[in-house]
>>> print(open('input-v3.txt').read())   # compact mmCIF, C-alpha atoms
# COMPACT_ATOMS: atom_id res chain seq x y z
CA MET A 1 -20.45 -12.09 19.31
CA HIS A 2 -18.51 -15.30 19.82
CA GLY A 3 -14.80 -14.75 19.28
CA GLU A 4 -14.06 -18.39 18.54
CA SER A 5 -16.35 -18.30 15.50
CA LEU A 6 -14.22 -15.51 14.02
CA TRP A 7 -11.12 -17.70 13.72
CA THR A 8 -11.14 -19.99 10.69
CA ASP A 9 -9.03 -22.77 9.25
CA ALA A 10 -7.68 -20.21 6.79
CA ASP A 11 -6.55 -18.05 9.71
CA GLU A 12 -4.81 -21.04 11.27
CA PHE A 13 -3.06 -21.71 7.97
CA ALA A 14 -1.95 -18.06 7.78
CA LEU A 15 -0.57 -18.30 11.31
CA ARG A 16 1.49 -21.38 10.48
CA ALA A 17 2.73 -19.84 7.23
CA ALA A 18 3.75 -16.61 9.00
CA ARG A 19 5.59 -18.53 11.72
CA ALA A 20 7.46 -20.64 9.16
CA ALA A 21 8.40 -17.54 7.16
CA LEU A 22 9.69 -15.72 10.23
CA ASP A 23 11.73 -18.74 11.26
CA ALA A 24 13.27 -18.77 7.77
CA GLY A 25 13.94 -15.02 7.75
CA ASP A 26 11.53 -14.62 4.81
CA LEU A 27 10.08 -11.14 5.21
CA ALA A 28 8.00 -11.27 2.03
CA GLY A 29 6.51 -14.60 3.00
CA ALA A 30 5.65 -13.39 6.50
CA LEU A 31 3.99 -10.20 5.24
CA LEU A 32 1.95 -12.07 2.63
CA ALA A 33 0.90 -14.61 5.26
CA ILE A 34 -0.37 -12.11 7.82
CA GLU A 35 -2.54 -10.42 5.19
CA SER A 36 -3.78 -13.83 3.96
CA ALA A 37 -2.92 -12.85 0.40
CA ALA A 38 -4.75 -14.81 -2.28
CA PRO A 39 -2.48 -17.09 -4.33
CA ALA A 40 -2.83 -14.94 -7.44
CA ALA A 41 -1.99 -11.76 -5.52
CA ALA A 42 1.00 -13.42 -3.87
CA ALA A 43 2.26 -14.66 -7.24
CA GLU A 44 1.93 -11.19 -8.78
CA THR A 45 3.76 -9.68 -5.81
CA HIS A 46 6.66 -12.09 -6.23
CA ARG A 47 6.71 -11.41 -9.98
CA ARG A 48 7.06 -7.65 -9.50
CA ILE A 49 9.65 -8.06 -6.76
CA THR A 50 11.66 -10.35 -9.04
CA ALA A 51 11.50 -7.78 -11.85
CA TRP A 52 12.61 -4.96 -9.53
CA THR A 53 15.42 -7.13 -8.22
CA ALA A 54 16.70 -7.79 -11.74
CA ALA A 55 16.52 -4.07 -12.54
CA VAL A 56 18.59 -3.19 -9.45
CA GLN A 57 21.15 -5.86 -10.31
CA ALA A 58 21.40 -4.51 -13.87
CA LEU A 59 22.59 -1.17 -12.48
CA GLY A 60 25.78 -2.77 -11.22
CA ALA A 61 27.31 -3.98 -7.98
CA ASP A 62 28.84 -0.75 -6.70
CA GLN A 63 29.37 -1.11 -2.93
CA ASN A 64 29.01 2.60 -2.19
CA PRO A 65 25.89 3.01 -0.01
CA GLN A 66 24.90 6.25 -1.71
CA TYR A 67 25.05 4.56 -5.11
CA GLN A 68 23.13 1.55 -3.81
CA ALA A 69 20.43 3.81 -2.36
CA ALA A 70 20.24 5.73 -5.64
CA ALA A 71 19.88 2.47 -7.59
CA LEU A 72 17.04 1.28 -5.37
CA ARG A 73 15.39 4.70 -5.55
CA HIS A 74 15.59 4.69 -9.35
CA VAL A 75 13.96 1.26 -9.66
CA LEU A 76 11.45 1.37 -6.81
CA VAL A 77 10.44 5.03 -6.87
CA GLU A 78 11.21 6.55 -10.25
CA GLU A 79 10.22 3.45 -12.22
CA GLY A 80 8.07 1.53 -9.74
CA GLY A 81 6.26 4.56 -8.33
CA LEU A 82 6.46 3.49 -4.66
CA THR A 83 5.61 6.32 -2.31
CA GLY A 84 3.72 7.08 0.88
CA ASP A 85 -0.06 7.25 0.96
CA THR A 86 -0.69 10.69 2.39
CA GLU A 87 -4.38 10.78 1.39
CA ALA A 88 -5.70 7.63 3.05
CA TYR A 89 -2.96 6.72 5.50
CA TYR A 90 -5.13 4.37 7.58
CA ASP A 91 -6.45 2.39 4.63
CA VAL A 92 -5.59 -1.16 5.66
CA ARG A 93 -4.26 -1.84 2.16
CA ASN A 94 -1.29 0.32 3.16
CA CYS A 95 -0.37 -2.48 5.61
CA CYS A 96 -0.60 -5.29 3.03
CA LEU A 97 2.44 -6.14 0.92
CA SER A 98 0.45 -7.31 -2.10
CA ALA A 99 -1.64 -4.13 -2.17
CA VAL A 100 1.37 -1.86 -1.63
CA VAL A 101 3.23 -3.47 -4.53
CA GLU A 102 0.14 -3.28 -6.74
CA ARG A 103 -0.95 0.28 -5.87
CA GLY A 104 2.48 1.79 -5.34
CA ARG A 105 1.39 3.38 -2.07
CA GLY A 106 1.68 2.34 1.54
CA MET A 107 2.68 3.07 5.11
CA PRO A 108 6.34 3.79 5.89
CA ILE A 109 7.02 0.33 7.31
CA LEU A 110 5.62 -1.55 4.30
CA LEU A 111 7.54 0.64 1.86
CA ALA A 112 10.72 0.07 3.87
CA GLY A 113 9.88 -3.62 3.78
CA VAL A 114 9.82 -3.57 -0.03
CA TRP A 115 13.23 -1.86 -0.06
CA MET A 116 14.53 -4.56 2.30
CA ILE A 117 13.12 -7.45 0.26
CA VAL A 118 14.37 -6.17 -3.08
CA GLY A 119 17.70 -5.17 -1.58
CA ALA A 120 18.29 -8.59 -0.04
CA ARG A 121 17.50 -10.36 -3.30
CA ALA A 122 19.69 -7.98 -5.29
CA GLY A 123 22.64 -8.40 -2.93
CA VAL A 124 22.26 -4.92 -1.42
CA PRO A 125 22.06 -4.84 2.40
CA VAL A 126 18.99 -2.91 3.53
CA SER A 127 17.77 -2.85 7.12
CA GLY A 128 14.64 -1.36 8.61
CA VAL A 129 14.98 1.38 11.22
CA GLY A 130 12.03 1.87 13.54
CA LEU A 131 12.09 5.46 14.73
CA PRO A 132 9.39 6.44 17.23
CA GLY A 133 6.39 7.27 15.06
CA HIS A 134 8.08 6.63 11.73
CA PHE A 135 9.87 3.85 9.90
CA ILE A 136 12.83 4.34 7.57
CA ALA A 137 15.59 2.21 6.06
CA ARG A 138 19.37 2.04 5.98
CA VAL A 139 21.06 1.01 2.74
CA GLY A 140 24.59 -0.44 2.74
CA HIS A 141 26.98 -1.76 5.34
CA GLY A 142 28.06 0.12 8.46
CA GLU A 143 26.53 3.55 8.83
CA GLY A 144 25.28 3.22 5.27
CA GLN A 145 22.80 5.67 3.79
CA LEU A 146 19.57 6.37 5.65
CA VAL A 147 16.53 6.85 3.41
CA ASP A 148 12.84 7.60 3.86
CA PRO A 149 10.86 5.28 1.55
CA PHE A 150 7.62 7.08 2.50
CA ALA A 151 9.08 10.30 1.09
CA ARG A 152 10.12 8.75 -2.23
CA GLY A 153 13.37 7.44 -0.78
CA ARG A 154 14.87 10.81 0.09
CA PRO A 155 18.31 10.57 1.74
CA LEU A 156 18.45 11.27 5.46
CA THR A 157 21.12 12.08 8.00
CA ALA A 158 21.05 11.36 11.72
CA GLY A 159 20.18 15.02 12.17
CA HIS A 160 17.15 14.63 9.93
CA CYS A 161 16.05 11.66 12.04
CA ARG A 162 16.35 13.69 15.22
CA SER A 163 14.10 16.34 13.68
CA ILE A 164 11.56 13.76 12.54
CA VAL A 165 11.27 12.26 16.01
CA LYS A 166 11.04 15.69 17.65
CA GLN A 167 8.33 16.79 15.24
CA LEU A 168 6.25 13.61 15.39
CA THR A 169 6.37 13.37 19.18
CA ASP A 170 6.12 17.11 19.90
CA GLY A 171 9.41 16.81 21.74
CA ARG A 172 7.99 14.34 24.28
CA ILE A 173 10.57 11.67 23.40
CA GLU A 174 14.21 12.51 23.96
CA TRP A 175 16.50 11.35 21.18
CA ARG A 176 18.58 8.23 21.70
CA ASP A 177 21.22 6.98 19.28
CA ASP A 178 19.86 3.46 19.51
CA PHE A 179 16.77 4.63 17.64
CA LEU A 180 18.92 4.07 14.54
CA GLU A 181 19.62 0.43 15.35
CA PRO A 182 18.26 -2.09 12.79
CA THR A 183 14.85 -3.58 13.45
CA ARG A 184 14.60 -7.36 13.56
CA ILE A 185 12.25 -8.95 11.03
CA ASP A 186 9.97 -10.38 13.72
CA ASP A 187 9.70 -6.95 15.36
CA LEU A 188 8.94 -5.38 11.99
CA VAL A 189 6.12 -7.85 11.35
CA ALA A 190 4.76 -7.29 14.87
CA ARG A 191 4.69 -3.55 14.16
CA VAL A 192 2.84 -4.15 10.87
CA LEU A 193 0.26 -6.26 12.70
CA ARG A 194 -0.27 -3.50 15.24
CA ASN A 195 -0.79 -1.02 12.40
CA MET A 196 -3.34 -3.40 10.88
CA GLN A 197 -5.25 -3.48 14.16
CA ILE A 198 -5.34 0.31 14.28
CA CYS A 199 -6.66 0.46 10.71
CA HIS A 200 -9.35 -2.16 11.36
CA GLN A 201 -10.44 -0.44 14.57
CA ARG A 202 -10.70 2.94 12.86
CA ALA A 203 -12.75 1.35 10.08
CA GLY A 204 -15.01 -0.47 12.55
CA SER A 205 -14.08 -3.85 11.06
CA GLN A 206 -14.60 -6.00 14.15
CA HIS A 207 -14.08 -9.38 12.49
CA ALA A 208 -10.79 -8.30 10.92
CA LEU A 209 -9.72 -6.57 14.15
CA TYR A 210 -10.25 -9.72 16.18
CA ARG A 211 -8.55 -11.92 13.60
CA THR A 212 -5.49 -9.65 13.58
CA ALA A 213 -5.29 -9.39 17.36
CA ARG A 214 -5.52 -13.16 17.74
CA LEU A 215 -2.99 -13.74 14.98
CA THR A 216 -0.56 -11.39 16.71
CA ALA A 217 -1.04 -13.03 20.10
CA ARG A 218 -0.56 -16.52 18.67
CA LEU A 219 2.44 -15.50 16.58
CA TYR A 220 4.15 -13.90 19.60
CA PRO A 221 2.96 -15.98 22.57
CA ASP A 222 5.65 -14.69 24.96
CA ARG A 223 4.84 -11.00 24.51
CA VAL A 224 2.47 -10.10 27.30
CA MET A 225 1.19 -6.91 25.69
CA PHE A 226 -0.10 -8.82 22.67
CA GLN A 227 -1.89 -11.29 24.96
CA LEU A 228 -3.54 -8.41 26.81
CA ILE A 229 -4.60 -6.75 23.55
CA HIS A 230 -6.13 -10.05 22.40
CA ALA A 231 -8.26 -10.07 25.54
CA GLN A 232 -9.17 -6.39 25.18
CA VAL A 233 -10.29 -6.89 21.58
CA ALA A 234 -12.38 -9.91 22.56
CA GLU A 235 -14.06 -7.68 25.14
CA LEU A 236 -14.50 -4.90 22.58
CA ILE A 237 -16.40 -7.18 20.19
CA GLU A 238 -18.55 -8.37 23.12
CA ALA A 239 -17.10 -11.88 23.24
CA THR A 240 -17.13 -11.52 27.02
CA PRO A 241 -16.64 -15.15 28.10
CA LEU A 242 -13.66 -15.41 25.77
CA ALA A 243 -12.26 -12.11 27.08
CA MET A 244 -12.54 -13.35 30.66
CA ALA A 245 -10.75 -16.57 29.76
CA LEU A 246 -7.99 -14.62 28.04
CA TYR A 247 -7.56 -12.21 30.97
CA THR A 248 -7.34 -15.23 33.28
CA GLU A 249 -4.66 -16.74 31.06
CA VAL A 250 -2.63 -13.52 31.08
CA ILE A 251 -2.74 -13.42 34.88
CA ALA A 252 -1.65 -17.04 35.15
CA ARG A 253 1.13 -16.89 32.58
CA PHE A 254 2.67 -13.53 33.49
CA PRO A 255 2.18 -13.18 37.26
CA ASP A 256 5.21 -10.92 37.77
CA ASP A 257 4.52 -8.48 34.95
CA LYS A 258 3.08 -5.09 35.95
CA ILE A 259 0.62 -5.28 33.08
CA VAL A 260 -1.17 -8.08 34.91
CA LEU A 261 -2.73 -5.41 37.12
CA LEU A 262 -4.72 -4.23 34.09
CA ALA A 263 -5.83 -7.75 33.27
CA ARG A 264 -6.85 -8.42 36.89
CA ARG A 265 -8.79 -5.16 37.11
CA ARG A 266 -10.73 -5.85 33.90
CA LEU A 267 -11.45 -9.43 34.93
CA GLU A 268 -12.82 -8.30 38.30
CA GLN A 269 -15.06 -5.73 36.59
CA LEU A 270 -16.38 -8.30 34.14
CA GLU A 271 -17.06 -10.74 36.97
CA GLU A 272 -19.00 -8.03 38.83
CA ASP A 273 -20.98 -7.07 35.71
CA PRO A 274 -21.53 -10.29 33.70
CA PRO A 275 -23.04 -10.03 30.20
CA LEU A 276 -26.80 -10.19 29.81
CA VAL A 277 -28.20 -13.47 28.48
CA HIS A 278 -30.69 -12.86 25.69
>>> encode(input="input-v3.txt", output="structure tokens")
Amino acid sequence: MHGESLWTDADEFALRAARAALDAGDLAGALLAIESAAPAAAAETHRRITAWTAAVQALGADQNPQYQAAALRHVLVEEGGLTGDTEAYYDVRNCCLSAVVERGRGMPILLAGVWMIVGARAGVPVSGVGLPGHFIARVGHGEGQLVDPFARGRPLTAGHCRSIVKQLTDGRIEWRDDFLEPTRIDDLVARVLRNMQICHQRAGSQHALYRTARLTARLYPDRVMFQLIHAQVAELIEATPLAMALYTEVIARFPDDKIVLLARRRLEQLEEDPPLVH
């Protein structure tokens, strides 16, 4: 399989749109771009978000974080039906904003993203919080009110978050208070893209897996791990010459990074065992 043939003009357009959205701090635009949402789907997503925003605003401008969280929960969960998909968690639609808004189900990070988008437009500060293994949100200024959008927006305390991390990691990760720091929008989108790759790989969707890995690498050119993953995915789909070129690029661009050892090892193995020519 030739990796270059799997990247289209539409993919290039999505890359440029995602980069522009990230530069503008437009989370909705970035999420719609990375999924390559069709114009009609994007328009319907914006329509529903606008309606939810108006509904939150209609509940008043109380600055109490608990009230703000309750207002968002009422509109997004009780009326909008947004909740976690516990039946088909790795369905790639759970990583796509348009599908999450339409179906009312999604992964934690996409649901938190909807809370953030609606909150920002309604004048309610909402930040994403990327716990190890789970993604939640904080509503309001300061300490605010932590909520779990995947669990129908249930309120959380720092103690709840400690328990979540301990349970999801089997105690392998020791709690740190900085786990509750807000997640930057570009880091949130990078995490969504990684989730997309996992979903595509589990589904055996090689074309979509490569497209997502390349999009991630191009969108974050200075993150060495994403460059390595791009090369690994090219190798996985048997685009061996491309993989070798990408490993070579990683070695040249990041000579002092420890991860280069992995790239160098794989390149040497591919050079020793070149692909068969049919």
>>> atom_distance(input="input-v3.txt", atom1="atom CA of A:Val189", atom2="atom CA of A:Val147")
19.7 Å
>>> residues_around(input="input-v3.txt", residues="A:Ala70", least_positions_apart="5", cutoff="12 Å", atoms="all atoms listed in the file", output="list of chain:residue names")
A:Val56, A:Leu59, A:Gly60, A:Asp62, A:Gln63, A:Asn64, A:Pro65, A:Val75, A:Leu76, A:Val77, A:Glu78, A:Trp115, A:Gly119, A:Val124, A:Val139, A:Gly140, A:Gln145, A:Leu146, A:Val147, A:Pro149, A:Arg152, A:Gly153, A:Arg154, A:Pro155
>>> atom_distance(input="input-v3.txt", atom1="atom CA of A:Ala33", atom2="atom CA of A:Asn195")
15.4 Å
>>> residues_around(input="input-v3.txt", residues="A:Ile136", least_positions_apart="6", cutoff="10 Å", atoms="all atoms listed in the file", output="compact mmCIF listing (two decimals) with C-alpha atoms, keeping the file's coordinate frame")
# COMPACT_ATOMS: atom_id res chain seq x y z
CA PRO A 108 6.34 3.79 5.89
CA ILE A 109 7.02 0.33 7.31
CA LEU A 110 5.62 -1.55 4.30
CA LEU A 111 7.54 0.64 1.86
CA ALA A 112 10.72 0.07 3.87
CA GLY A 113 9.88 -3.62 3.78
CA TRP A 115 13.23 -1.86 -0.06
CA SER A 127 17.77 -2.85 7.12
CA GLY A 128 14.64 -1.36 8.61
CA VAL A 129 14.98 1.38 11.22
CA GLY A 130 12.03 1.87 13.54
CA LEU A 146 19.57 6.37 5.65
CA VAL A 147 16.53 6.85 3.41
CA ASP A 148 12.84 7.60 3.86
CA PRO A 149 10.86 5.28 1.55
CA PHE A 150 7.62 7.08 2.50
CA ALA A 151 9.08 10.30 1.09
CA GLY A 153 13.37 7.44 -0.78
CA LEU A 156 18.45 11.27 5.46
CA CYS A 161 16.05 11.66 12.04
CA LEU A 180 18.92 4.07 14.54
CA PRO A 182 18.26 -2.09 12.79
>>> closest_residue(input="input-v3.txt", among="A:Leu267, A:Pro39, A:Arg176, A:Leu188", to="A:Gly159", atoms="all atoms listed in the file")
A:Arg176
>>> residues_around(input="input-v3.txt", residues="stretch 98-101 of chain A", least_positions_apart="6", cutoff="12 Å", atoms="all atoms listed in the file", output="PyMOL selection string")
chain A and resi 28-52+76-77+80-85+89+91-92+107-115+117-118+150
>>> atom_distance(input="input-v3.txt", atom1="atom CA of A:Arg214", atom2="atom CA of A:Ala243")
11.6 Å
>>> residues_near_point(input="input-v3.txt", point="(-10.7, -19.1, 15.3)", cutoff="12 Å", atoms="only C-alpha atoms", output="ChimeraX atom specification")
/A:2-15,207-208,210-215,218,234,242
>>> closest_residue(input="input-v3.txt", among="A:Ala158, A:Leu270, A:Leu193, A:Ile251", to="A:Leu219", atoms="all atoms listed in the file")
A:Leu193
>>> closest_residue(input="input-v3.txt", among="A:Ala252, A:Ala190, A:Ala88, A:Cys199", to="A:Arg19", atoms="all atoms listed in the file")
A:Ala190
>>> closest_residue(input="input-v3.txt", among="A:Arg202, A:Arg138, A:His230, A:Arg184", to="A:Leu27", atoms="all atoms listed in the file")
A:Arg184
>>> closest_residue(input="input-v3.txt", among="A:Arg264, A:Arg162, A:Arg223, A:Arg16", to="A:Ala245", atoms="all atoms listed in the file")
A:Arg264
>>> residues_around(input="input-v3.txt", residues="A:Glu174", least_positions_apart="5", cutoff="10 Å", atoms="all atoms listed in the file", output="list in words")
Arg162, Val165, Lys166 and Thr169 of chain A
>>> closest_residue(input="input-v3.txt", among="A:Glu87, A:Asp257, A:Glu271, A:Asp177", to="A:Thr240", atoms="all atoms listed in the file")
A:Glu271
>>> axis_aligned_box(input="input-v3.txt", around="stretch 188-195 of chain A", padding_each_side="6 Å", output="lines of an AutoDock Vina configuration file")
center_x = 4.1
center_y = -4.4
center_z = 13.1
size_x = 21.7
size_y = 18.8
size_z = 16.4
>>> residues_around(input="input-v3.txt", residues="A:Leu168", least_positions_apart="2", cutoff="9 Å", atoms="all atoms listed in the file", output="ChimeraX atom specification")
/A:132-134,163-166,170-171
